[in-house]
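Heads up: the structure comes next, in structure tokens.
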Amino acid sequence: MIPGAPVRAARGAAALAVALCLPHAAFGATPHRYLVLPFENVSAERSLNWIGEALALGVADRLELMGLHALARAERLDAMEAAGVPDGKAVTLATTLKIVAAARADRFVTGTFRFDPKSGVTVTYRLFDAGRATEISDGTRSGALSGVFSLTDPLVAEAVGRDLDGAATALPPTLASFADPPLPIYEAMVRALLETEPERRLSALQKALEMDHRSGPVRRYLALEQIGQGQLPEALASLEGVAAESSPDGWRVNLLRARILAAQGNLDGATAALARSIAARDTAEAHLLLARLSATRGDAARAAAEIDLAAGLDPTHPELDAARRLVAATPPKTL
């Protein structure tokens, strides 16, 4: 059984969050789209349910940092809502496949965890091929709760080995280079994300940031929440606290900055942020936004070229058709 996750009632905010934090192409190496579902708590202590969401975020983030193509949390929530998954309800494999189809993923991860105060935490994970509905690999590891995220590293390494092949030489030498985040900060962040009311969610994320002003993940999720609530200047300010150049996901931070700047009408600033994003990692999302910016400027030829680049990186990207329609409707550039 695979647990459900809270389904947002505010579809508009969730859809905007999806648009601002889509998955990223893996150096053009693989078209696979990974969906990581919340891990099921099989412990007696139900107050630990937040760990299931934390593991889903942690695995997806590690897949992204290693160059794979993991779906954003907002996309997962929208897919679960589209599949009609009840709030907090465990679902069958058949229902899970509906969620995966709604997310347009072709790989998915499920798992469970068990915590015992004396022996620590045990995590069991399974990686599936969605097209065949067959299991690719599985594993079980135990350790201290403070290192719970690294317990899933063999799963991530398996996915990297299968998907990236030669491209893996461009990645960090080991997953060990990604330290587990401080658990109290991560717990505060995850519990904030699980709040069902937007105002409470925003307030809780701000309190999490007060615990650690340097936390990149907290700042990123805070910015996404502020965007969803129409607070674009505040979202941009939240990201200013992230040193993208020294961050392992600097491409993602600059892409998010670019989307905010574009929404504010600052096309030059958005283009500059996209250049920094692409320099850190070439992604379909960056080229698709460049295509939209070019179309806004009336440069249909440049927009079409950017779409071609995006398609080369991710031929199954769900935004390609909409971008092509936008370019087709762009009036010719006049001199």
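Each chain of the structure tokens is named A, B, ... in the order shown, its residues numbered from 1; ligands are numbered from 1 in display order.
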Within 12 Å of region 61-80 of chain A, which residues of region 188-293 of chain A come that close, and what is the closest atom pair and distance in Å for each? Count only C-alpha atoms and give it as JSON lines.
{"residue": "A:Val190", "atom": "CA", "partner": "A:Arg73", "partner_atom": "CA", "distance": 11.4}
{"residue": "A:Leu193", "atom": "CA", "partner": "A:Arg73", "partner_atom": "CA", "distance": 10.0}
{"residue": "A:Leu194", "atom": "CA", "partner": "A:Leu77", "partner_atom": "CA", "distance": 11.2}
{"residue": "A:Pro217", "atom": "CA", "partner": "A:Asp61", "partner_atom": "CA", "distance": 9.7}
{"residue": "A:Tyr221", "atom": "CA", "partner": "A:Arg73", "partner_atom": "CA", "distance": 10.1}
{"residue": "A:Leu224", "atom": "CA", "partner": "A:Ala74", "partner_atom": "CA", "distance": 9.7}
{"residue": "A:Glu225", "atom": "CA", "partner": "A:Ala74", "partner_atom": "CA", "distance": 10.7}
{"residue": "A:Gly228", "atom": "CA", "partner": "A:Ala74", "partner_atom": "CA", "distance": 10.9}
{"residue": "A:Ser247", "atom": "CA", "partner": "A:Leu65", "partner_atom": "CA", "distance": 10.5}
{"residue": "A:Pro248", "atom": "CA", "partner": "A:Leu65", "partner_atom": "CA", "distance": 6.9}
{"residue": "A:Asp249", "atom": "CA", "partner": "A:Leu65", "partner_atom": "CA", "distance": 6.6}
{"residue": "A:Gly250", "atom": "CA", "partner": "A:Leu65", "partner_atom": "CA", "distance": 10.1}
{"residue": "A:Trp251", "atom": "CA", "partner": "A:Leu65", "partner_atom": "CA", "distance": 10.2}
{"residue": "A:Arg252", "atom": "CA", "partner": "A:Glu64", "partner_atom": "CA", "distance": 9.7}
{"residue": "A:Ala280", "atom": "CA", "partner": "A:Gly67", "partner_atom": "CA", "distance": 11.5}
{"residue": "A:Arg281", "atom": "CA", "partner": "A:Gly67", "partner_atom": "CA", "distance": 8.9}
{"residue": "A:Asp282", "atom": "CA", "partner": "A:Gly67", "partner_atom": "CA", "distance": 10.5}
{"residue": "A:Thr283", "atom": "CA", "partner": "A:His69", "partner_atom": "CA", "distance": 10.0}
{"residue": "A:Ala284", "atom": "CA", "partner": "A:His69", "partner_atom": "CA", "distance": 10.7}
{"residue": "A:Glu285", "atom": "CA", "partner": "A:His69", "partner_atom": "CA", "distance": 11.5}
>> I need the residues of region 100-307 of chain A that end up classed as helix (DSSP H, G or I) by DSSP on the backbone, written out as a ChimeraX atom specification.
In response: /A:100-103,145-147,149-163,165-170,175-177,183-193,198-211,216-228,232-240,244-246,250-263,267-280,284-296,300-307
File dump, residues just selected, C-alpha atoms, as a short mmCIF file (atom, residue, chain, number, x, y, z; two decimals), in the first residue's frame:
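Saved file part.cif follows:
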data_model
loop_
_atom_site.label_atom_id
_atom_site.label_comp_id
_atom_site.auth_asym_id
_atom_site.auth_seq_id
_atom_site.Cartn_x
_atom_site.Cartn_y
_atom_site.Cartn_z
CA VAL A 100 1.86 8.02 -12.40
CA ALA A 101 -0.07 8.32 -15.67
CA ALA A 102 -1.50 11.68 -14.61
CA ALA A 103 2.05 12.85 -13.84
CA LEU A 145 17.10 8.74 12.08
CA SER A 146 19.51 11.67 11.64
CA GLY A 147 20.88 9.99 8.50
CA PHE A 149 18.01 10.38 3.66
CA SER A 150 21.31 8.68 2.89
CA LEU A 151 19.64 5.31 3.52
CA THR A 152 18.07 5.70 0.08
CA ASP A 153 21.38 6.34 -1.70
CA PRO A 154 21.60 2.81 -3.19
CA LEU A 155 18.26 3.44 -4.89
CA VAL A 156 19.51 6.72 -6.36
CA ALA A 157 22.79 5.11 -7.42
CA GLU A 158 20.86 2.33 -9.15
CA ALA A 159 18.79 4.87 -11.11
CA VAL A 160 21.90 6.86 -12.07
CA GLY A 161 23.71 3.73 -13.21
CA ARG A 162 20.79 2.68 -15.38
CA ASP A 163 20.02 6.06 -16.92
CA ASP A 165 25.85 5.70 -18.32
CA GLY A 166 28.75 7.78 -19.68
CA ALA A 167 27.16 11.05 -18.59
CA ALA A 168 27.64 9.98 -14.99
CA THR A 169 31.28 11.09 -15.24
CA ALA A 170 30.04 14.69 -15.11
CA LEU A 175 26.35 10.48 -3.28
CA ALA A 176 28.19 10.94 -0.01
CA SER A 177 29.03 14.46 -1.20
CA LEU A 183 16.72 16.94 10.62
CA PRO A 184 15.05 19.55 12.89
CA ILE A 185 15.13 22.12 10.06
CA TYR A 186 13.87 19.61 7.53
CA GLU A 187 11.11 18.48 9.88
CA ALA A 188 9.96 22.07 10.36
CA MET A 189 9.96 22.60 6.60
CA VAL A 190 8.05 19.41 5.81
CA ARG A 191 5.47 19.99 8.53
CA ALA A 192 4.99 23.48 7.09
CA LEU A 193 4.42 22.07 3.60
CA PRO A 198 -2.07 28.72 2.66
CA GLU A 199 -1.66 31.32 5.39
CA ARG A 200 -0.60 28.72 7.95
CA ARG A 201 1.75 27.14 5.41
CA LEU A 202 3.42 30.47 4.70
CA SER A 203 3.73 31.32 8.38
CA ALA A 204 5.18 27.90 9.20
CA LEU A 205 7.75 28.17 6.40
CA GLN A 206 8.79 31.59 7.68
CA LYS A 207 9.28 30.09 11.15
CA ALA A 208 11.35 27.29 9.63
CA LEU A 209 13.55 29.90 7.97
CA GLU A 210 14.03 31.61 11.33
CA MET A 211 15.56 28.35 12.57
CA GLY A 216 18.44 26.67 0.62
CA PRO A 217 15.51 24.20 0.54
CA VAL A 218 13.49 26.25 3.05
CA ARG A 219 14.10 29.45 1.07
CA ARG A 220 13.11 27.74 -2.17
CA TYR A 221 9.85 26.33 -0.80
CA LEU A 222 9.12 29.64 0.92
CA ALA A 223 9.59 31.42 -2.40
CA LEU A 224 7.25 28.96 -4.13
CA GLU A 225 4.60 29.54 -1.47
CA GLN A 226 4.99 33.31 -1.78
CA ILE A 227 4.61 33.01 -5.56
CA GLY A 228 1.45 30.97 -5.09
CA LEU A 232 6.50 38.09 -6.16
CA PRO A 233 8.84 40.71 -4.59
CA GLU A 234 8.89 38.71 -1.34
CA ALA A 235 9.63 35.51 -3.28
CA LEU A 236 12.55 37.16 -5.05
CA ALA A 237 13.86 38.42 -1.70
CA SER A 238 13.66 34.91 -0.27
CA LEU A 239 15.84 33.60 -3.10
CA GLU A 240 18.38 36.39 -2.62
CA ALA A 244 23.27 29.99 -6.36
CA GLU A 245 26.86 29.98 -7.62
CA SER A 246 28.01 27.77 -4.74
CA GLY A 250 22.18 26.66 -8.53
CA TRP A 251 20.57 26.03 -11.93
CA ARG A 252 17.23 25.51 -10.18
CA VAL A 253 17.53 28.67 -8.09
CA ASN A 254 18.37 30.82 -11.11
CA LEU A 255 15.54 29.26 -13.12
CA LEU A 256 13.10 30.15 -10.36
CA ARG A 257 14.51 33.69 -10.22
CA ALA A 258 14.06 33.96 -13.98
CA ARG A 259 10.41 32.93 -13.78
CA ILE A 260 9.71 35.51 -11.08
CA LEU A 261 11.47 38.26 -13.03
CA ALA A 262 9.58 37.30 -16.19
CA ALA A 263 6.28 37.46 -14.29
CA LEU A 267 12.62 40.34 -19.47
CA ASP A 268 16.28 41.35 -19.48
CA GLY A 269 16.74 40.26 -15.87
CA ALA A 270 14.96 36.99 -16.59
CA THR A 271 17.16 36.34 -19.62
CA ALA A 272 20.32 36.97 -17.58
CA ALA A 273 19.14 34.59 -14.85
CA LEU A 274 18.40 31.95 -17.48
CA ALA A 275 21.91 32.30 -18.89
CA ARG A 276 23.30 31.56 -15.43
CA SER A 277 20.93 28.63 -15.05
CA ILE A 278 21.95 27.09 -18.38
CA ALA A 279 25.63 27.62 -17.59
CA ALA A 280 25.16 25.50 -14.47
CA ALA A 284 14.50 22.02 -21.19
CA GLU A 285 12.73 24.34 -18.74
CA ALA A 286 15.27 27.12 -19.23
CA HIS A 287 14.99 26.92 -23.03
CA LEU A 288 11.20 26.84 -22.88
CA LEU A 289 11.17 30.02 -20.82
CA LEU A 290 13.64 31.61 -23.24
CA ALA A 291 11.25 30.62 -26.02
CA ARG A 292 8.39 32.39 -24.27
CA LEU A 293 10.50 35.48 -23.65
CA SER A 294 11.55 35.53 -27.32
CA ALA A 295 7.92 35.18 -28.40
CA THR A 296 6.99 38.10 -26.13
CA ALA A 300 9.53 33.82 -33.47
CA ALA A 301 12.71 32.42 -35.05
CA ARG A 302 14.64 32.55 -31.77
CA ALA A 303 11.65 31.13 -29.91
CA ALA A 304 11.42 28.20 -32.34
CA ALA A 305 15.15 27.52 -31.96
CA GLU A 306 14.83 27.46 -28.17
CA ILE A 307 11.92 25.00 -28.41
#
> Running DSSP on the backbone, which parts of region 44-175 of chain A land in strand (DSSP E or B), as a PyMOL selection string?
Replying inline: chain A and resi 70+91+107-116+120-129+134-143
Residues from last step as file, N, CA and C atoms, as a compact mmCIF listing (two decimals), in the first residue's frame:
# COMPACT_ATOMS: atom_id res chain seq x y z
N ALA A 70 13.48 14.30 -11.93
CA ALA A 70 12.48 14.01 -10.91
C ALA A 70 11.40 15.09 -10.89
N VAL A 91 -3.22 3.92 -0.98
CA VAL A 91 -3.79 3.52 -2.26
C VAL A 91 -3.14 2.23 -2.75
N ARG A 107 8.91 6.26 -14.55
CA ARG A 107 9.57 5.57 -13.44
C ARG A 107 8.92 6.09 -12.16
N PHE A 108 8.74 5.23 -11.18
CA PHE A 108 8.23 5.73 -9.91
C PHE A 108 8.81 4.94 -8.75
N VAL A 109 8.84 5.63 -7.61
CA VAL A 109 9.44 5.08 -6.40
C VAL A 109 8.38 5.06 -5.29
N THR A 110 8.28 3.95 -4.61
CA THR A 110 7.44 3.84 -3.42
C THR A 110 8.29 3.28 -2.28
N GLY A 111 7.77 3.35 -1.08
CA GLY A 111 8.54 2.81 0.04
C GLY A 111 7.79 2.86 1.35
N THR A 112 8.41 2.29 2.35
CA THR A 112 7.88 2.34 3.72
C THR A 112 9.03 2.67 4.66
N PHE A 113 8.67 3.08 5.87
CA PHE A 113 9.69 3.25 6.89
C PHE A 113 9.12 2.82 8.24
N ARG A 114 10.01 2.35 9.08
CA ARG A 114 9.65 1.93 10.43
C ARG A 114 10.66 2.51 11.41
N PHE A 115 10.17 3.15 12.46
CA PHE A 115 11.07 3.74 13.45
C PHE A 115 10.89 3.07 14.79
N ASP A 116 12.01 2.78 15.41
CA ASP A 116 12.01 2.23 16.77
C ASP A 116 13.00 3.06 17.59
N GLY A 120 16.48 2.59 15.82
CA GLY A 120 16.57 3.58 14.77
C GLY A 120 15.50 3.38 13.71
N VAL A 121 15.81 3.75 12.48
CA VAL A 121 14.83 3.72 11.39
C VAL A 121 15.23 2.70 10.34
N THR A 122 14.24 2.02 9.79
CA THR A 122 14.44 1.08 8.68
C THR A 122 13.61 1.55 7.49
N VAL A 123 14.28 1.72 6.36
CA VAL A 123 13.62 2.21 5.15
C VAL A 123 13.64 1.12 4.09
N THR A 124 12.48 0.85 3.51
CA THR A 124 12.37 -0.09 2.40
C THR A 124 11.88 0.69 1.17
N TYR A 125 12.54 0.47 0.05
CA TYR A 125 12.19 1.24 -1.16
C TYR A 125 12.09 0.31 -2.35
N ARG A 126 11.27 0.76 -3.33
CA ARG A 126 11.06 -0.02 -4.55
C ARG A 126 11.02 0.94 -5.75
N LEU A 127 11.73 0.59 -6.80
CA LEU A 127 11.77 1.37 -8.04
C LEU A 127 11.05 0.58 -9.12
N PHE A 128 10.08 1.24 -9.79
CA PHE A 128 9.25 0.58 -10.79
C PHE A 128 9.41 1.20 -12.16
N ASP A 129 9.23 0.37 -13.18
CA ASP A 129 9.04 0.82 -14.55
C ASP A 129 7.53 0.96 -14.75
N THR A 134 6.31 -3.07 -13.69
CA THR A 134 7.17 -4.09 -13.09
C THR A 134 8.23 -3.43 -12.21
N GLU A 135 8.67 -4.17 -11.22
CA GLU A 135 9.68 -3.66 -10.30
C GLU A 135 11.06 -3.79 -10.92
N ILE A 136 11.83 -2.71 -10.84
CA ILE A 136 13.19 -2.71 -11.36
C ILE A 136 14.17 -3.13 -10.27
N SER A 137 14.01 -2.58 -9.09
CA SER A 137 14.90 -2.93 -7.98
C SER A 137 14.22 -2.58 -6.67
N ASP A 138 14.78 -3.13 -5.59
CA ASP A 138 14.27 -2.81 -4.26
C ASP A 138 15.39 -2.94 -3.26
N GLY A 139 15.14 -2.52 -2.03
CA GLY A 139 16.16 -2.62 -1.00
C GLY A 139 15.62 -2.22 0.36
N THR A 140 16.34 -2.61 1.37
CA THR A 140 16.01 -2.25 2.74
C THR A 140 17.29 -1.89 3.47
N ARG A 141 17.27 -0.73 4.16
CA ARG A 141 18.45 -0.30 4.92
C ARG A 141 18.00 0.29 6.24
N SER A 142 18.86 0.13 7.24
CA SER A 142 18.57 0.64 8.58
C SER A 142 19.69 1.56 9.04
N GLY A 143 19.35 2.47 9.93
CA GLY A 143 20.36 3.38 10.47
C GLY A 143 19.74 4.37 11.43
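Across the model, the gap from CA of Asp180 (chain A) to CA of Leu55 (chain A) is 11.3 Å.
If only C-alpha atoms are the atoms counted, then among A:Arg297, A:Arg324, A:His32, A:His213 the closest residue to Ala130 (chain A) is A:His32.
Going from CA of Ala179 (chain A) over to CA of Gly241 (chain A), you cover 20.0 Å.
You will find CA of Val85 (chain A) at 19.0 Å from CA of Leu57 (chain A).
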